[in-house]
Amino acid sequence: MNDIREPLYGTEAARVRDQLRDPSDLDVAIRVAHQLLDSDSVLSLREALRLLLRAIGAEPPAPAGTEAPPLRRCPAAHRDDPTPCSGPAAVMVLDAGSAGSRGCEHHGARLLASLDGGRVYALPAAPAGAAIRVFKAAADLPPFAWTVRAAASSEVDQ
């Protein structure tokens, strides 16, 4: 074992560097896909495919007749979620495997509510209490809240 006061070189340095780097979008998408391989949930599988397609730059266009979401939204905002951001990115939402996404409080809460074993942390420039507000808001939301609203409104129309 090396003395901790000595600098690291070679494979030890590369291993520590890889642990400290933020995962790429593709790394996150692959991790989510691996976790959902045995899932029976259609929504979970669709989300995993959407993440993979986004990571490789091949996300399909929005279906005809749907409104395109605003152009500049936080990374935590789902493409099918029509709601606008509540402000700048304030939190980092991590899944059970520690893959994460930055988001505004609104979309951070929606993402956290859709994860099993997710965690939320405030970003350094976040307003005081941002992570707590996101955590509490997520507790009151169903997973994939944007699909629940659409399903509820279509049931009312019938």
# chains A, B, ... in the order shown; residues from 1 in each chain; ligands from 1

$ closest_atom_pairs --of "range 47-119 of chain A" --to "range 142-145 of chain A" --cutoff "10 Å" --atoms "only C-alpha atoms" --output "Markdown table"
| residue | atom | partner | partner_atom | distance |
| --- | --- | --- | --- | --- |
| A:Glu47 | CA | A:Phe144 | CA | 9.6 |
| A:His78 | CA | A:Phe144 | CA | 9.0 |
| A:Asp80 | CA | A:Phe144 | CA | 9.9 |
| A:Asp81 | CA | A:Ala145 | CA | 8.4 |
| A:Ala109 | CA | A:Ala145 | CA | 9.9 |
| A:Arg110 | CA | A:Ala145 | CA | 6.6 |
| A:Leu111 | CA | A:Phe144 | CA | 7.6 |
| A:Leu112 | CA | A:Pro143 | CA | 8.3 |
| A:Ala113 | CA | A:Pro143 | CA | 5.1 |
| A:Ser114 | CA | A:Pro143 | CA | 4.0 |
| A:Leu115 | CA | A:Pro143 | CA | 7.4 |
| A:Asp116 | CA | A:Pro143 | CA | 9.5 |

$ select_by_dssp --residues "range 43-152 of chain A" --states "alpha helix (DSSP H)" --output "PyMOL selection string"
chain A and resi 43-55+105-113+130-139+145-152

$ atom_distance --atom1 "CA of Arg50 in chain A" --atom2 "CA of Thr147 in chain A"
14.7 Å

$ closest_residue --among "A:Gly129, A:Gly57, A:Gly103, A:Gly118" --to "Pro84 in chain A" --atoms "only C-alpha atoms"
A:Gly103

$ residues_around --residues "Asp27 in chain A" --least-positions-apart "5" --cutoff "9 Å" --atoms "only C-alpha atoms" --output "PDB file with N, CA, C and O atoms, in the first residue's frame"
ATOM      1  N   VAL A  32     -28.681   2.620 -16.285  1.00  0.00           N
ATOM      2  CA  VAL A  32     -30.139   2.517 -16.125  1.00  0.00           C
ATOM      3  C   VAL A  32     -30.663   1.323 -16.911  1.00  0.00           C
ATOM      4  O   VAL A  32     -31.495   0.551 -16.413  1.00  0.00           O
ATOM      5  N   ALA A  55     -28.543   9.725 -25.305  1.00  0.00           N
ATOM      6  CA  ALA A  55     -27.096   9.694 -25.094  1.00  0.00           C
ATOM      7  C   ALA A  55     -26.328   9.546 -26.397  1.00  0.00           C
ATOM      8  O   ALA A  55     -25.221  10.067 -26.527  1.00  0.00           O
ATOM      9  N   ALA A  99     -25.523   7.393 -10.376  1.00  0.00           N
ATOM     10  CA  ALA A  99     -25.558   8.162 -11.617  1.00  0.00           C
ATOM     11  C   ALA A  99     -26.520   9.312 -11.372  1.00  0.00           C
ATOM     12  O   ALA A  99     -27.530   9.144 -10.690  1.00  0.00           O
TER      13      ALA A  99
END

$ decode --residues "range 43-56 of chain A" --atoms "all heavy atoms" --output "PDB file, in the first residue's frame"
ATOM      1  N   LEU A  43     -43.268   1.588 -18.696  1.00  0.00           N
ATOM      2  CA  LEU A  43     -42.763   2.957 -18.534  1.00  0.00           C
ATOM      3  C   LEU A  43     -41.278   2.960 -18.212  1.00  0.00           C
ATOM      4  O   LEU A  43     -40.523   3.790 -18.728  1.00  0.00           O
ATOM      5  CB  LEU A  43     -43.541   3.688 -17.436  1.00  0.00           C
ATOM      6  CG  LEU A  43     -44.966   4.079 -17.781  1.00  0.00           C
ATOM      7  CD1 LEU A  43     -45.658   4.704 -16.576  1.00  0.00           C
ATOM      8  CD2 LEU A  43     -44.984   5.043 -18.952  1.00  0.00           C
ATOM      9  N   SER A  44     -40.828   2.048 -17.364  1.00  0.00           N
ATOM     10  CA  SER A  44     -39.410   1.975 -17.023  1.00  0.00           C
ATOM     11  C   SER A  44     -38.578   1.608 -18.238  1.00  0.00           C
ATOM     12  O   SER A  44     -37.512   2.189 -18.470  1.00  0.00           O
ATOM     13  CB  SER A  44     -39.178   0.950 -15.912  1.00  0.00           C
ATOM     14  OG  SER A  44     -39.815   1.339 -14.728  1.00  0.00           O
ATOM     15  N   LEU A  45     -39.044   0.648 -19.013  1.00  0.00           N
ATOM     16  CA  LEU A  45     -38.299   0.254 -20.214  1.00  0.00           C
ATOM     17  C   LEU A  45     -38.265   1.374 -21.246  1.00  0.00           C
ATOM     18  O   LEU A  45     -37.238   1.605 -21.893  1.00  0.00           O
ATOM     19  CB  LEU A  45     -38.921  -1.012 -20.813  1.00  0.00           C
ATOM     20  CG  LEU A  45     -38.782  -2.264 -19.944  1.00  0.00           C
ATOM     21  CD1 LEU A  45     -39.582  -3.413 -20.538  1.00  0.00           C
ATOM     22  CD2 LEU A  45     -37.333  -2.639 -19.780  1.00  0.00           C
ATOM     23  N   ARG A  46     -39.389   2.082 -21.407  1.00  0.00           N
ATOM     24  CA  ARG A  46     -39.418   3.222 -22.340  1.00  0.00           C
ATOM     25  C   ARG A  46     -38.429   4.295 -21.898  1.00  0.00           C
ATOM     26  O   ARG A  46     -37.736   4.886 -22.735  1.00  0.00           O
ATOM     27  CB  ARG A  46     -40.819   3.814 -22.423  1.00  0.00           C
ATOM     28  CG  ARG A  46     -41.786   2.934 -23.209  1.00  0.00           C
ATOM     29  CD  ARG A  46     -43.112   3.599 -23.389  1.00  0.00           C
ATOM     30  NE  ARG A  46     -42.911   4.799 -24.208  1.00  0.00           N
ATOM     31  CZ  ARG A  46     -43.834   5.698 -24.425  1.00  0.00           C
ATOM     32  NH1 ARG A  46     -45.042   5.555 -23.912  1.00  0.00           N
ATOM     33  NH2 ARG A  46     -43.602   6.744 -25.177  1.00  0.00           N
ATOM     34  N   GLU A  47     -38.363   4.549 -20.592  1.00  0.00           N
ATOM     35  CA  GLU A  47     -37.439   5.566 -20.076  1.00  0.00           C
ATOM     36  C   GLU A  47     -35.993   5.157 -20.329  1.00  0.00           C
ATOM     37  O   GLU A  47     -35.164   5.972 -20.728  1.00  0.00           O
ATOM     38  CB  GLU A  47     -37.683   5.801 -18.584  1.00  0.00           C
ATOM     39  CG  GLU A  47     -36.781   6.830 -17.973  1.00  0.00           C
ATOM     40  CD  GLU A  47     -37.006   8.244 -18.480  1.00  0.00           C
ATOM     41  OE1 GLU A  47     -37.941   8.493 -19.263  1.00  0.00           O
ATOM     42  OE2 GLU A  47     -36.217   9.126 -18.101  1.00  0.00           O
ATOM     43  N   ALA A  48     -35.663   3.893 -20.123  1.00  0.00           N
ATOM     44  CA  ALA A  48     -34.306   3.412 -20.374  1.00  0.00           C
ATOM     45  C   ALA A  48     -33.940   3.571 -21.851  1.00  0.00           C
ATOM     46  O   ALA A  48     -32.843   4.031 -22.183  1.00  0.00           O
ATOM     47  CB  ALA A  48     -34.171   1.953 -19.942  1.00  0.00           C
ATOM     48  N   LEU A  49     -34.862   3.221 -22.737  1.00  0.00           N
ATOM     49  CA  LEU A  49     -34.601   3.399 -24.175  1.00  0.00           C
ATOM     50  C   LEU A  49     -34.451   4.871 -24.543  1.00  0.00           C
ATOM     51  O   LEU A  49     -33.592   5.238 -25.348  1.00  0.00           O
ATOM     52  CB  LEU A  49     -35.734   2.774 -24.995  1.00  0.00           C
ATOM     53  CG  LEU A  49     -35.704   1.265 -25.100  1.00  0.00           C
ATOM     54  CD1 LEU A  49     -36.972   0.756 -25.776  1.00  0.00           C
ATOM     55  CD2 LEU A  49     -34.479   0.815 -25.872  1.00  0.00           C
ATOM     56  N   ARG A  50     -35.292   5.731 -23.954  1.00  0.00           N
ATOM     57  CA  ARG A  50     -35.201   7.163 -24.229  1.00  0.00           C
ATOM     58  C   ARG A  50     -33.829   7.706 -23.814  1.00  0.00           C
ATOM     59  O   ARG A  50     -33.199   8.466 -24.549  1.00  0.00           O
ATOM     60  CB  ARG A  50     -36.313   7.919 -23.492  1.00  0.00           C
ATOM     61  CG  ARG A  50     -36.351   9.415 -23.829  1.00  0.00           C
ATOM     62  CD  ARG A  50     -37.249  10.179 -22.890  1.00  0.00           C
ATOM     63  NE  ARG A  50     -36.763  10.165 -21.532  1.00  0.00           N
ATOM     64  CZ  ARG A  50     -35.778  10.940 -21.073  1.00  0.00           C
ATOM     65  NH1 ARG A  50     -35.157  11.762 -21.879  1.00  0.00           N
ATOM     66  NH2 ARG A  50     -35.400  10.869 -19.825  1.00  0.00           N
ATOM     67  N   LEU A  51     -33.347   7.289 -22.634  1.00  0.00           N
ATOM     68  CA  LEU A  51     -32.036   7.743 -22.168  1.00  0.00           C
ATOM     69  C   LEU A  51     -30.923   7.272 -23.093  1.00  0.00           C
ATOM     70  O   LEU A  51     -29.998   8.030 -23.399  1.00  0.00           O
ATOM     71  CB  LEU A  51     -31.779   7.246 -20.741  1.00  0.00           C
ATOM     72  CG  LEU A  51     -32.564   7.916 -19.639  1.00  0.00           C
ATOM     73  CD1 LEU A  51     -32.354   7.192 -18.319  1.00  0.00           C
ATOM     74  CD2 LEU A  51     -32.184   9.379 -19.506  1.00  0.00           C
ATOM     75  N   LEU A  52     -31.001   6.024 -23.531  1.00  0.00           N
ATOM     76  CA  LEU A  52     -29.983   5.509 -24.454  1.00  0.00           C
ATOM     77  C   LEU A  52     -29.997   6.274 -25.774  1.00  0.00           C
ATOM     78  O   LEU A  52     -28.944   6.663 -26.296  1.00  0.00           O
ATOM     79  CB  LEU A  52     -30.203   4.017 -24.712  1.00  0.00           C
ATOM     80  CG  LEU A  52     -29.717   3.078 -23.625  1.00  0.00           C
ATOM     81  CD1 LEU A  52     -30.218   1.661 -23.875  1.00  0.00           C
ATOM     82  CD2 LEU A  52     -28.208   3.093 -23.540  1.00  0.00           C
ATOM     83  N   LEU A  53     -31.187   6.494 -26.326  1.00  0.00           N
ATOM     84  CA  LEU A  53     -31.281   7.226 -27.589  1.00  0.00           C
ATOM     85  C   LEU A  53     -30.783   8.660 -27.451  1.00  0.00           C
ATOM     86  O   LEU A  53     -30.101   9.182 -28.336  1.00  0.00           O
ATOM     87  CB  LEU A  53     -32.716   7.194 -28.112  1.00  0.00           C
ATOM     88  CG  LEU A  53     -33.190   5.833 -28.612  1.00  0.00           C
ATOM     89  CD1 LEU A  53     -34.688   5.868 -28.897  1.00  0.00           C
ATOM     90  CD2 LEU A  53     -32.411   5.409 -29.835  1.00  0.00           C
ATOM     91  N   ARG A  54     -31.119   9.327 -26.332  1.00  0.00           N
ATOM     92  CA  ARG A  54     -30.641  10.689 -26.108  1.00  0.00           C
ATOM     93  C   ARG A  54     -29.130  10.717 -26.001  1.00  0.00           C
ATOM     94  O   ARG A  54     -28.467  11.595 -26.547  1.00  0.00           O
ATOM     95  CB  ARG A  54     -31.257  11.277 -24.841  1.00  0.00           C
ATOM     96  CG  ARG A  54     -30.737  12.687 -24.557  1.00  0.00           C
ATOM     97  CD  ARG A  54     -31.204  13.232 -23.245  1.00  0.00           C
ATOM     98  NE  ARG A  54     -32.553  13.738 -23.373  1.00  0.00           N
ATOM     99  CZ  ARG A  54     -33.241  14.242 -22.364  1.00  0.00           C
ATOM    100  NH1 ARG A  54     -32.729  14.261 -21.154  1.00  0.00           N
ATOM    101  NH2 ARG A  54     -34.436  14.713 -22.548  1.00  0.00           N
ATOM    102  N   ALA A  55     -28.543   9.725 -25.305  1.00  0.00           N
ATOM    103  CA  ALA A  55     -27.096   9.694 -25.094  1.00  0.00           C
ATOM    104  C   ALA A  55     -26.328   9.546 -26.397  1.00  0.00           C
ATOM    105  O   ALA A  55     -25.221  10.067 -26.527  1.00  0.00           O
ATOM    106  CB  ALA A  55     -26.730   8.565 -24.130  1.00  0.00           C
ATOM    107  N   ILE A  56     -26.903   8.845 -27.378  1.00  0.00           N
ATOM    108  CA  ILE A  56     -26.191   8.672 -28.651  1.00  0.00           C
ATOM    109  C   ILE A  56     -26.664   9.665 -29.715  1.00  0.00           C
ATOM    110  O   ILE A  56     -26.293   9.566 -30.870  1.00  0.00           O
ATOM    111  CB  ILE A  56     -26.295   7.221 -29.170  1.00  0.00           C
ATOM    112  CG1 ILE A  56     -27.747   6.829 -29.454  1.00  0.00           C
ATOM    113  CG2 ILE A  56     -25.638   6.257 -28.211  1.00  0.00           C
ATOM    114  CD1 ILE A  56     -27.890   5.493 -30.167  1.00  0.00           C
TER     115      ILE A  56
END
